[in-house]
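Engineer: File model.json follows (JSON, C-alpha atoms):
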```json
[["chain", "number", "residue", "atom", "x", "y", "z"],
["A", 1248, "MET", "CA", 111.09, -51.39, 34.39],
["A", 1249, "ALA", "CA", 114.20, -50.44, 32.53],
["A", 1250, "THR", "CA", 114.65, -51.48, 28.91],
["A", 1251, "PHE", "CA", 117.81, -52.11, 26.95],
["A", 1252, "ALA", "CA", 118.83, -49.74, 24.21],
["A", 1253, "SER", "CA", 119.55, -52.45, 21.66],
["A", 1254, "PRO", "CA", 116.61, -52.80, 19.25],
["A", 1255, "ALA", "CA", 117.74, -56.29, 18.27],
["A", 1256, "SER", "CA", 117.24, -57.77, 21.73],
["A", 1257, "LEU", "CA", 114.33, -60.17, 22.06],
["A", 1258, "SER", "CA", 114.64, -60.84, 25.78],
["A", 1259, "PHE", "CA", 111.55, -60.79, 27.96],
["A", 1260, "LEU", "CA", 112.49, -57.44, 29.51],
["A", 1261, "SER", "CA", 113.79, -55.64, 26.44],
["A", 1262, "SER", "CA", 111.46, -56.86, 23.69],
["A", 1263, "SER", "CA", 109.30, -54.19, 22.10],
["A", 1264, "LEU", "CA", 106.40, -56.45, 22.89],
["A", 1265, "PHE", "CA", 106.63, -55.49, 26.56],
["A", 1266, "ALA", "CA", 107.33, -51.78, 26.14],
["A", 1267, "ALA", "CA", 104.84, -49.26, 27.42],
["A", 1268, "SER", "CA", 104.12, -48.01, 23.92],
["A", 1269, "SER", "CA", 103.44, -50.47, 21.14],
["A", 1270, "ARG", "CA", 105.10, -50.54, 17.74],
["A", 1271, "GLY", "CA", 103.50, -48.92, 14.77],
["A", 1272, "THR", "CA", 103.16, -52.30, 13.07],
["A", 1273, "LEU", "CA", 100.24, -53.22, 15.31],
["A", 1274, "LYS", "CA", 96.82, -51.86, 14.62],
["A", 1275, "SER", "CA", 95.14, -50.11, 17.53],
["A", 1276, "ALA", "CA", 91.97, -51.55, 18.97],
["A", 1277, "ALA", "CA", 88.67, -49.87, 18.17],
["A", 1278, "LEU", "CA", 87.69, -47.14, 20.66],
["A", 1279, "PRO", "CA", 84.13, -46.02, 21.42],
["A", 1280, "ARG", "CA", 82.98, -42.80, 19.83],
["A", 1281, "PRO", "CA", 82.36, -39.82, 22.15],
["A", 1282, "GLY", "CA", 78.78, -39.70, 23.29],
["A", 1283, "SER", "CA", 77.94, -43.22, 22.18],
["A", 1284, "SER", "CA", 76.02, -45.29, 24.72],
["A", 1285, "LYS", "CA", 77.21, -48.68, 23.51],
["A", 1286, "PRO", "CA", 80.99, -49.26, 23.63],
["A", 1287, "ALA", "CA", 82.61, -50.73, 20.57],
["A", 1288, "ALA", "CA", 83.48, -54.42, 20.76],
["A", 1289, "ARG", "CA", 87.15, -55.16, 21.19],
["A", 1290, "PRO", "CA", 88.65, -57.72, 18.82],
["A", 1291, "LEU", "CA", 90.23, -60.79, 20.39],
["A", 1292, "SER", "CA", 93.30, -60.45, 18.20],
["A", 1293, "VAL", "CA", 94.69, -58.06, 15.62],
["A", 1294, "ALA", "CA", 96.97, -58.90, 12.72],
["A", 1295, "ALA", "CA", 100.43, -57.38, 12.38],
["A", 1296, "GLU", "CA", 101.31, -55.72, 9.11],
["A", 1297, "LEU", "CA", 103.16, -57.70, 6.50],
["A", 1298, "THR", "CA", 106.91, -57.86, 7.19],
["A", 1299, "THR", "CA", 109.25, -58.39, 4.25],
["A", 1300, "LEU", "CA", 112.48, -60.23, 5.03],
["A", 1301, "PRO", "CA", 115.52, -60.67, 2.75],
["A", 1302, "ILE", "CA", 116.81, -64.18, 2.09],
["A", 1303, "LEU", "CA", 120.57, -64.70, 2.38],
["A", 1304, "ASP", "CA", 122.61, -67.48, 0.87],
["A", 1305, "PHE", "CA", 125.45, -69.33, 2.57],
["A", 1306, "SER", "CA", 127.93, -66.61, 1.60],
["A", 1307, "GLY", "CA", 125.76, -63.84, 3.06],
["A", 1308, "GLU", "CA", 124.50, -62.37, -0.22],
["A", 1309, "LYS", "CA", 120.86, -61.44, -0.74],
["A", 1310, "VAL", "CA", 119.17, -63.84, -3.16],
["A", 1311, "GLY", "CA", 115.48, -63.09, -2.64],
["A", 1312, "GLU", "CA", 112.73, -61.97, -0.30],
["A", 1313, "THR", "CA", 110.03, -63.59, 1.78],
["A", 1314, "TYR", "CA", 107.35, -62.34, 4.15],
["A", 1315, "LEU", "CA", 106.22, -62.97, 7.70],
["A", 1316, "ASP", "CA", 102.56, -62.29, 8.49],
["A", 1317, "LEU", "CA", 101.59, -63.51, 11.96],
["A", 1318, "ARG", "CA", 98.76, -62.86, 14.36],
["A", 1319, "SER", "CA", 99.39, -60.61, 17.34],
["A", 1320, "ALA", "CA", 97.46, -59.78, 20.49],
["A", 1321, "PRO", "CA", 96.26, -56.20, 21.07],
["A", 1322, "PRO", "CA", 98.97, -53.95, 22.52],
["A", 1323, "GLU", "CA", 97.15, -53.56, 25.83],
["A", 1324, "THR", "CA", 96.93, -57.34, 26.41],
["A", 1325, "ALA", "CA", 100.03, -58.63, 24.59],
["A", 1326, "ARG", "CA", 102.22, -58.56, 27.69],
["A", 1327, "ALA", "CA", 99.68, -60.43, 29.82],
["A", 1328, "VAL", "CA", 99.04, -63.10, 27.18],
["A", 1329, "VAL", "CA", 102.72, -63.86, 26.64],
["A", 1330, "HIS", "CA", 103.47, -63.77, 30.36],
["A", 1331, "ARG", "CA", 100.70, -66.24, 31.14],
["A", 1332, "ALA", "CA", 101.89, -68.65, 28.43],
["A", 1333, "LEU", "CA", 105.50, -68.37, 29.61],
["A", 1334, "VAL", "CA", 104.60, -69.05, 33.25],
["A", 1335, "THR", "CA", 102.50, -72.02, 32.13],
["A", 1336, "ASP", "CA", 105.41, -73.51, 30.16],
["A", 1337, "LEU", "CA", 107.89, -73.08, 33.01],
["A", 1338, "ARG", "CA", 105.54, -74.51, 35.63],
["A", 1339, "ASN", "CA", 104.62, -77.49, 33.48],
["A", 1340, "LYS", "CA", 108.31, -78.38, 33.20],
["A", 1341, "ARG", "CA", 108.63, -78.80, 36.94],
["A", 1342, "ARG", "CA", 108.51, -82.44, 37.99],
["A", 1343, "GLY", "CA", 107.50, -81.73, 41.58],
["A", 1344, "THR", "CA", 109.37, -84.77, 42.95],
["A", 1345, "ALA", "CA", 111.16, -82.99, 45.83],
["A", 1346, "SER", "CA", 110.28, -84.70, 49.10],
["A", 1347, "THR", "CA", 111.38, -84.64, 52.74],
["A", 1348, "LEU", "CA", 110.52, -86.76, 55.80],
["A", 1349, "THR", "CA", 108.65, -85.46, 58.81],
["A", 1350, "ARG", "CA", 109.59, -86.55, 62.32],
["A", 1351, "GLY", "CA", 106.97, -89.28, 62.11],
["A", 1352, "GLU", "CA", 108.47, -90.70, 58.92],
["A", 1353, "VAL", "CA", 112.14, -90.69, 59.92],
["A", 1354, "ARG", "CA", 113.40, -94.13, 60.80],
["A", 1355, "GLY", "CA", 114.35, -94.72, 64.44],
["A", 1356, "GLY", "CA", 113.49, -92.75, 67.55],
["A", 1357, "GLY", "CA", 111.79, -95.62, 69.34],
["A", 1358, "ARG", "CA", 113.63, -95.17, 72.63],
["A", 1359, "LYS", "CA", 114.42, -92.17, 74.77],
["A", 1360, "PRO", "CA", 118.01, -91.02, 74.04],
["A", 1361, "TYR", "CA", 118.92, -90.39, 77.69],
["A", 1362, "PRO", "CA", 117.14, -90.02, 81.03],
["A", 1363, "GLN", "CA", 114.77, -87.15, 81.56],
["A", 1364, "LYS", "CA", 116.55, -85.76, 84.64],
["A", 1365, "LYS", "CA", 119.94, -85.54, 86.37],
["A", 1366, "THR", "CA", 121.97, -85.10, 83.15],
["A", 1367, "GLY", "CA", 122.19, -81.33, 83.03],
["A", 1368, "ARG", "CA", 120.96, -81.42, 79.45],
["A", 1369, "ALA", "CA", 117.68, -80.44, 77.83],
["A", 1370, "ARG", "CA", 114.85, -82.94, 77.79],
["A", 1371, "ARG", "CA", 114.96, -85.17, 74.72],
["A", 1372, "GLY", "CA", 112.18, -87.58, 73.91],
["A", 1373, "SER", "CA", 113.25, -88.81, 70.46],
["A", 1374, "GLN", "CA", 116.11, -88.61, 67.99],
["A", 1375, "THR", "CA", 113.68, -87.84, 65.16],
["A", 1376, "THR", "CA", 112.95, -84.34, 66.43],
["A", 1377, "PRO", "CA", 113.64, -81.57, 63.88],
["A", 1378, "LEU", "CA", 116.07, -80.02, 66.38],
["A", 1379, "ARG", "CA", 118.55, -82.88, 65.93],
["A", 1380, "PRO", "CA", 120.73, -83.69, 62.87],
["A", 1381, "GLY", "CA", 119.11, -86.48, 60.91],
["A", 1382, "GLY", "CA", 115.70, -85.71, 62.34],
["A", 1383, "GLY", "CA", 112.53, -84.74, 60.54],
["A", 1384, "VAL", "CA", 111.98, -81.59, 58.50],
["A", 1385, "VAL", "CA", 109.37, -79.02, 59.43],
["A", 1386, "PHE", "CA", 107.26, -77.75, 56.53],
["A", 1387, "GLY", "CA", 109.62, -79.29, 53.97],
["A", 1388, "PRO", "CA", 108.78, -79.81, 50.27],
["A", 1389, "ARG", "CA", 106.41, -82.62, 49.40],
["A", 1390, "PRO", "CA", 105.58, -84.16, 45.99],
["A", 1391, "ARG", "CA", 103.08, -81.99, 44.19],
["A", 1392, "ASP", "CA", 101.77, -81.20, 40.74],
["A", 1393, "TRP", "CA", 102.92, -77.77, 39.54],
["A", 1394, "SER", "CA", 101.19, -77.92, 36.17],
["A", 1395, "ILE", "CA", 98.52, -75.41, 35.18],
["A", 1396, "LYS", "CA", 96.32, -75.24, 32.13],
["A", 1397, "ILE", "CA", 96.02, -72.66, 29.40],
["A", 1398, "ASN", "CA", 93.58, -72.39, 26.54],
["A", 1399, "ARG", "CA", 94.91, -73.73, 23.27],
["A", 1400, "LYS", "CA", 94.03, -70.59, 21.34],
["A", 1401, "GLU", "CA", 95.59, -68.37, 23.99],
["A", 1402, "LYS", "CA", 98.81, -70.36, 23.90],
["A", 1403, "ARG", "CA", 98.94, -70.16, 20.12],
["A", 1404, "LEU", "CA", 98.26, -66.41, 20.22],
["A", 1405, "ALA", "CA", 101.07, -65.90, 22.73],
["A", 1406, "MET", "CA", 103.53, -67.75, 20.49],
["A", 1407, "SER", "CA", 102.54, -65.77, 17.39],
["A", 1408, "THR", "CA", 102.65, -62.49, 19.34],
["A", 1409, "ALA", "CA", 106.21, -63.19, 20.51],
["A", 1410, "LEU", "CA", 107.29, -64.13, 16.99],
["A", 1411, "SER", "CA", 105.71, -61.06, 15.41],
["A", 1412, "SER", "CA", 107.36, -58.77, 17.97],
["A", 1413, "ALA", "CA", 110.73, -60.27, 17.01],
["A", 1414, "ALA", "CA", 110.26, -59.71, 13.28],
["A", 1415, "GLY", "CA", 112.75, -56.84, 13.30],
["A", 1416, "SER", "CA", 115.55, -59.15, 14.43],
["A", 1417, "VAL", "CA", 114.84, -62.10, 12.15],
["A", 1418, "THR", "CA", 117.38, -63.30, 9.59],
["A", 1419, "VAL", "CA", 116.30, -65.69, 6.82],
["A", 1420, "VAL", "CA", 119.01, -67.97, 5.42],
["A", 1421, "GLU", "CA", 118.77, -70.58, 2.71],
["A", 1422, "ASP", "CA", 119.01, -74.20, 3.80],
["A", 1423, "PHE", "CA", 122.68, -74.85, 4.55],
["A", 1424, "GLY", "CA", 122.53, -78.49, 5.60],
["A", 1425, "ASP", "CA", 124.74, -79.61, 2.70],
["A", 1426, "LYS", "CA", 127.25, -76.75, 2.87],
["A", 1427, "PHE", "CA", 129.52, -78.27, 5.52],
["A", 1428, "GLU", "CA", 131.94, -80.99, 4.48],
["A", 1429, "THR", "CA", 133.06, -81.93, 8.00],
["A", 1430, "PRO", "CA", 131.69, -80.98, 11.43],
["A", 1431, "LYS", "CA", 133.68, -77.94, 12.51],
["A", 1432, "THR", "CA", 132.63, -75.23, 14.96],
["A", 1433, "ARG", "CA", 134.93, -72.65, 13.37],
["A", 1434, "ASP", "CA", 133.22, -73.01, 9.98],
["A", 1435, "PHE", "CA", 129.81, -72.54, 11.55],
["A", 1436, "ALA", "CA", 130.96, -69.44, 13.48],
["A", 1437, "GLU", "CA", 132.38, -67.94, 10.28],
["A", 1438, "ALA", "CA", 129.06, -68.58, 8.52],
["A", 1439, "MET", "CA", 127.24, -66.78, 11.34],
["A", 1440, "ARG", "CA", 129.48, -63.73, 10.89],
["A", 1441, "ARG", "CA", 128.73, -63.69, 7.16],
["A", 1442, "TRP", "CA", 125.03, -63.58, 8.01],
["A", 1443, "GLY", "CA", 125.57, -60.61, 10.32],
["A", 1444, "LEU", "CA", 125.35, -62.62, 13.54],
["A", 1445, "ASP", "CA", 127.66, -62.44, 16.52],
["A", 1446, "PRO", "CA", 128.49, -65.89, 17.96],
["A", 1447, "LYS", "CA", 128.65, -64.27, 21.42],
["A", 1448, "GLU", "CA", 125.02, -63.17, 21.22],
["A", 1449, "LYS", "CA", 122.10, -65.47, 21.92],
["A", 1450, "SER", "CA", 120.80, -66.86, 18.64],
["A", 1451, "MET", "CA", 117.94, -69.23, 17.92],
["A", 1452, "PHE", "CA", 117.91, -71.21, 14.68],
["A", 1453, "LEU", "CA", 114.58, -72.61, 13.52],
["A", 1454, "MET", "CA", 114.80, -75.26, 10.80],
["A", 1455, "THR", "CA", 112.26, -77.80, 9.65],
["A", 1456, "GLU", "CA", 114.99, -80.46, 9.72],
["A", 1457, "VAL", "CA", 118.44, -80.22, 11.28],
["A", 1458, "ALA", "CA", 121.15, -82.19, 9.50],
["A", 1459, "ASP", "CA", 123.55, -84.19, 11.63],
["A", 1460, "ILE", "CA", 126.57, -82.28, 10.39],
["A", 1461, "VAL", "CA", 124.88, -78.96, 11.28],
["A", 1462, "GLN", "CA", 124.03, -80.24, 14.74],
["A", 1463, "LEU", "CA", 127.60, -81.37, 15.34],
["A", 1464, "SER", "CA", 129.05, -78.10, 14.02],
["A", 1465, "SER", "CA", 126.87, -75.88, 16.23],
["A", 1466, "ARG", "CA", 126.60, -77.79, 19.49],
["A", 1467, "ASN", "CA", 129.81, -76.30, 20.95],
["A", 1468, "ILE", "CA", 128.45, -72.73, 20.64],
["A", 1469, "GLY", "CA", 126.90, -72.15, 24.05],
["A", 1470, "THR", "CA", 124.83, -69.13, 22.98],
["A", 1471, "LEU", "CA", 123.09, -70.97, 20.12],
["A", 1472, "LYS", "CA", 119.84, -72.94, 20.14],
["A", 1473, "MET", "CA", 119.01, -75.20, 17.20],
["A", 1474, "LEU", "CA", 115.26, -75.90, 17.16],
["A", 1475, "THR", "CA", 112.71, -77.55, 14.91],
["A", 1476, "PRO", "CA", 108.93, -76.94, 14.74],
["A", 1477, "ARG", "CA", 108.51, -79.79, 17.23],
["A", 1478, "THR", "CA", 110.85, -78.23, 19.83],
["A", 1479, "LEU", "CA", 109.85, -74.59, 19.26],
["A", 1480, "ASN", "CA", 108.98, -72.98, 22.60],
["A", 1481, "LEU", "CA", 108.17, -69.54, 23.94],
["A", 1482, "PHE", "CA", 111.09, -69.28, 26.38],
["A", 1483, "ASP", "CA", 113.79, -69.68, 23.71],
["A", 1484, "ILE", "CA", 112.07, -67.10, 21.49],
["A", 1485, "LEU", "CA", 112.03, -64.47, 24.22],
["A", 1486, "ASN", "CA", 115.50, -65.37, 25.50],
["A", 1487, "ALA", "CA", 117.21, -65.00, 22.10],
["A", 1488, "ASP", "CA", 118.79, -61.85, 20.72],
["A", 1489, "ARG", "CA", 118.57, -62.95, 17.06],
["A", 1490, "LEU", "CA", 116.27, -65.37, 15.26],
["A", 1491, "VAL", "CA", 117.50, -67.25, 12.18],
["A", 1492, "LEU", "CA", 114.92, -68.95, 9.98],
["A", 1493, "THR", "CA", 115.02, -70.94, 6.79],
["A", 1494, "PRO", "CA", 112.43, -70.28, 4.04],
["A", 1495, "GLU", "CA", 110.75, -73.57, 4.96],
["A", 1496, "ALA", "CA", 110.51, -72.44, 8.59],
["A", 1497, "VAL", "CA", 108.98, -69.13, 7.50],
["A", 1498, "ASN", "CA", 106.34, -71.00, 5.51],
["A", 1499, "PHE", "CA", 105.62, -73.16, 8.56],
["A", 1500, "LEU", "CA", 105.16, -70.13, 10.81],
["A", 1501, "ASN", "CA", 102.88, -68.40, 8.31],
["A", 1502, "ALA", "CA", 100.80, -71.56, 7.97],
["A", 1503, "ARG", "CA", 100.64, -72.26, 11.71],
["A", 1504, "TYR", "CA", 100.48, -68.79, 13.26],
["A", 1505, "GLY", "CA", 99.60, -66.63, 10.24],
["A", 1506, "VAL", "CA", 96.60, -64.39, 9.81],
["A", 1507, "ASP", "CA", 94.90, -66.85, 7.49],
["A", 1508, "SER", "CA", 95.66, -69.96, 9.56],
["A", 1509, "GLU", "CA", 92.64, -71.98, 10.62],
["A", 1510, "GLY", "CA", 94.21, -72.99, 13.95],
["A", 1511, "ASP", "CA", 93.43, -76.69, 13.87],
["A", 1512, "GLY", "CA", 94.51, -78.54, 17.00],
["A", 1513, "GLU", "CA", 95.99, -81.67, 15.44],
["A", 1514, "GLU", "CA", 99.57, -80.54, 16.04],
["A", 1515, "ASP", "CA", 99.07, -78.99, 19.46],
["A", 1516, "GLY", "CA", 100.16, -82.20, 21.12],
["A", 1517, "ASP", "CA", 103.47, -82.04, 19.30],
["A", 1518, "GLU", "CA", 103.89, -78.43, 20.36],
["A", 1519, "GLU", "CA", 103.37, -79.30, 24.01],
["A", 1520, "GLU", "CA", 105.90, -82.11, 23.79],
["A", 1521, "GLY", "CA", 108.32, -79.72, 22.11],
["A", 1522, "GLU", "CA", 108.35, -77.47, 25.15],
["A", 1523, "GLU", "CA", 111.13, -79.64, 26.53],
["A", 1524, "GLY", "CA", 113.54, -77.67, 24.37],
["A", 1525, "GLY", "CA", 113.58, -74.83, 26.91],
["A", 1526, "GLU", "CA", 114.97, -74.71, 30.42],
["A", 1527, "SER", "CA", 115.58, -77.90, 32.38],
["A", 1528, "ASP", "CA", 113.13, -79.28, 34.93],
["A", 1529, "GLU", "CA", 113.06, -77.84, 38.41],
["A", 1530, "ASN", "CA", 111.82, -79.43, 41.58]]
```
Could you render the structure from this file as structure tokens?
Structural biologist:
Amino acid sequence: MATFASPASLSFLSSSLFAASSRGTLKSAALPRPGSSKPAARPLSVAAELTTLPILDFSGEKVGETYLDLRSAPPETARAVVHRALVTDLRNKRRGTASTLTRGEVRGGGRKPYPQKKTGRARRGSQTTPLRPGGGVVFGPRPRDWSIKINRKEKRLAMSTALSSAAGSVTVVEDFGDKFETPKTRDFAEAMRRWGLDPKEKSMFLMTEVADIVQLSSRNIGTLKMLTPRTLNLFDILNADRLVLTPEAVNFLNARYGVDSEGDGEEDGDEEEGEEGGESDEN
């Protein structure tokens, strides 16, 4: 599978997470010693090394530093873990309401359309046959449940693995909710350029709280996603080229997906509800 040359891309195909060789920031799994009869136990997860990120102010100047320390799956299983979580999210968004009528369910067809013989036409017993317009559908879609289940810890590990693989393309910006006087898309685009972002590239902003003026100023930029911890989802992380976080969002990620996080399940319900921030439902 071909990969893009841009190191800043976080797409599913070009992310370093899915490359054949893993990054040096991930620790290799323990290998058995030559001649040993008992193989060494593989850890379920390994921690990525600490990543230091500069903090930019509204004008684009560096004002401090923060760190991102998240869990990550082993290099040999990272691709499978993230792929399984992504497929689960996309399937669970499908409503499964598509439905068609068979020839037995189509209304009408109680009488024979025309006589059996002496018409020069093919025999026709009912108007509900699938061979006629308006008739039934053969093997058409029926209502079904597309949802599948995934372990809570596996889903959390997939999210943290995707975030840790994107650490090289993360930009941390101070909270700018009070920096805009009036909602204006041009002002927001100029701010993105000061932060080193291209408005034409796919960007995902993660903020603990999105001000109304920020939402109004950014909604006309088609390549931008403005998310909160409640709407954070795996698809938007992998589909973005750049990730923009606030210091509060970094603290949330370290507390929720960090190496020292306990992984309590009280907020998992909110995370599942927040998956609606990705692609729209499909039948």
Engineer: What is the CA of Lys1402 in chain A-CA of Val1506 in chain A distance in Å, reported with one decimal?
Structural biologist: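 That distance, rounded to one decimal, is 15.5 Å.
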Engineer: Would you mind listing what lies within 12 Å of range 1387-1395 of chain A as an mmCIF file with C-alpha atoms, in the frame of the given file, with all atoms listed in the file counted and same-chain residues fewer than 5 positions away left out?
Structural biologist:
```cif
data_model
loop_
_atom_site.group_PDB
_atom_site.id
_atom_site.type_symbol
_atom_site.label_atom_id
_atom_site.label_comp_id
_atom_site.auth_asym_id
_atom_site.auth_seq_id
_atom_site.Cartn_x
_atom_site.Cartn_y
_atom_site.Cartn_z
ATOM 1 C CA ARG A 1331 100.700 -66.240 31.140
ATOM 2 C CA ALA A 1332 101.890 -68.650 28.430
ATOM 3 C CA LEU A 1333 105.500 -68.370 29.610
ATOM 4 C CA VAL A 1334 104.600 -69.050 33.250
ATOM 5 C CA THR A 1335 102.500 -72.020 32.130
ATOM 6 C CA ASP A 1336 105.410 -73.510 30.160
ATOM 7 C CA LEU A 1337 107.890 -73.080 33.010
ATOM 8 C CA ARG A 1338 105.540 -74.510 35.630
ATOM 9 C CA ASN A 1339 104.620 -77.490 33.480
ATOM 10 C CA LYS A 1340 108.310 -78.380 33.200
ATOM 11 C CA ARG A 1341 108.630 -78.800 36.940
ATOM 12 C CA ARG A 1342 108.510 -82.440 37.990
ATOM 13 C CA GLY A 1343 107.500 -81.730 41.580
ATOM 14 C CA THR A 1344 109.370 -84.770 42.950
ATOM 15 C CA ALA A 1345 111.160 -82.990 45.830
ATOM 16 C CA SER A 1346 110.280 -84.700 49.100
ATOM 17 C CA THR A 1347 111.380 -84.640 52.740
ATOM 18 C CA LEU A 1348 110.520 -86.760 55.800
ATOM 19 C CA THR A 1349 108.650 -85.460 58.810
ATOM 20 C CA ARG A 1350 109.590 -86.550 62.320
ATOM 21 C CA PRO A 1377 113.640 -81.570 63.880
ATOM 22 C CA ASP A 1528 113.130 -79.280 34.930
ATOM 23 C CA GLU A 1529 113.060 -77.840 38.410
ATOM 24 C CA ASN A 1530 111.820 -79.430 41.580
#
```
Engineer: Find the residues around Pro1360 in chain A up to 7 Å (all atoms listed in the file counted), leave out those fewer than 2 positions away in its own chain, and share them as a ChimeraX atom specification.
Structural biologist: /A:1358,1371-1374
Engineer: Grab the CA of Glu1421 in chain A to CA of Pro1494 in chain A distance for me, in Å with one decimal place.
Structural biologist: 6.5 Å
Engineer: Counting only C-alpha atoms, what is within 10 Å of Lys1449 in chain A, bar same-chain residues fewer than 4 positions away, as a PDB file with C-alpha atoms, keeping the file's coordinate frame?
Structural biologist:
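result_39.pdb was written with the following content:
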```
ATOM      1  CA  SER A1256     117.240 -57.770  21.730  1.00  0.00           C
ATOM      2  CA  LEU A1257     114.330 -60.170  22.060  1.00  0.00           C
ATOM      3  CA  SER A1258     114.640 -60.840  25.780  1.00  0.00           C
ATOM      4  CA  LEU A1444     125.350 -62.620  13.540  1.00  0.00           C
ATOM      5  CA  ASP A1445     127.660 -62.440  16.520  1.00  0.00           C
ATOM      6  CA  ILE A1468     128.450 -72.730  20.640  1.00  0.00           C
ATOM      7  CA  GLY A1469     126.900 -72.150  24.050  1.00  0.00           C
ATOM      8  CA  THR A1470     124.830 -69.130  22.980  1.00  0.00           C
ATOM      9  CA  LEU A1471     123.090 -70.970  20.120  1.00  0.00           C
ATOM     10  CA  LYS A1472     119.840 -72.940  20.140  1.00  0.00           C
ATOM     11  CA  ASP A1483     113.790 -69.680  23.710  1.00  0.00           C
ATOM     12  CA  ASN A1486     115.500 -65.370  25.500  1.00  0.00           C
ATOM     13  CA  ALA A1487     117.210 -65.000  22.100  1.00  0.00           C
ATOM     14  CA  ASP A1488     118.790 -61.850  20.720  1.00  0.00           C
ATOM     15  CA  ARG A1489     118.570 -62.950  17.060  1.00  0.00           C
ATOM     16  CA  LEU A1490     116.270 -65.370  15.260  1.00  0.00           C
TER      17      LEU A1490
END
```
Engineer: Given the choices A:Ala1327, A:Leu1453, A:Ala1405, A:Ile1460, which gets closest to Thr1432 in chain A if the distance is worked out from all atoms listed in the file?
Structural biologist: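 The answer is A:Ile1460, which sits nearest to Thr1432 in chain A.
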Engineer: Interatomic distance between CA of Gly1415 in chain A and CA of Glu1312 in chain A?
Structural biologist: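 CA of Gly1415 in chain A sits 14.5 Å away from CA of Glu1312 in chain A.
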Engineer: Out of A:Glu1308, A:Asp1434, A:Asp1459, A:Asp1316, which residue has the shortest atom-to-atom distance to Asp1507 in chain A when counting only C-alpha atoms?
Structural biologist: A:Asp1316
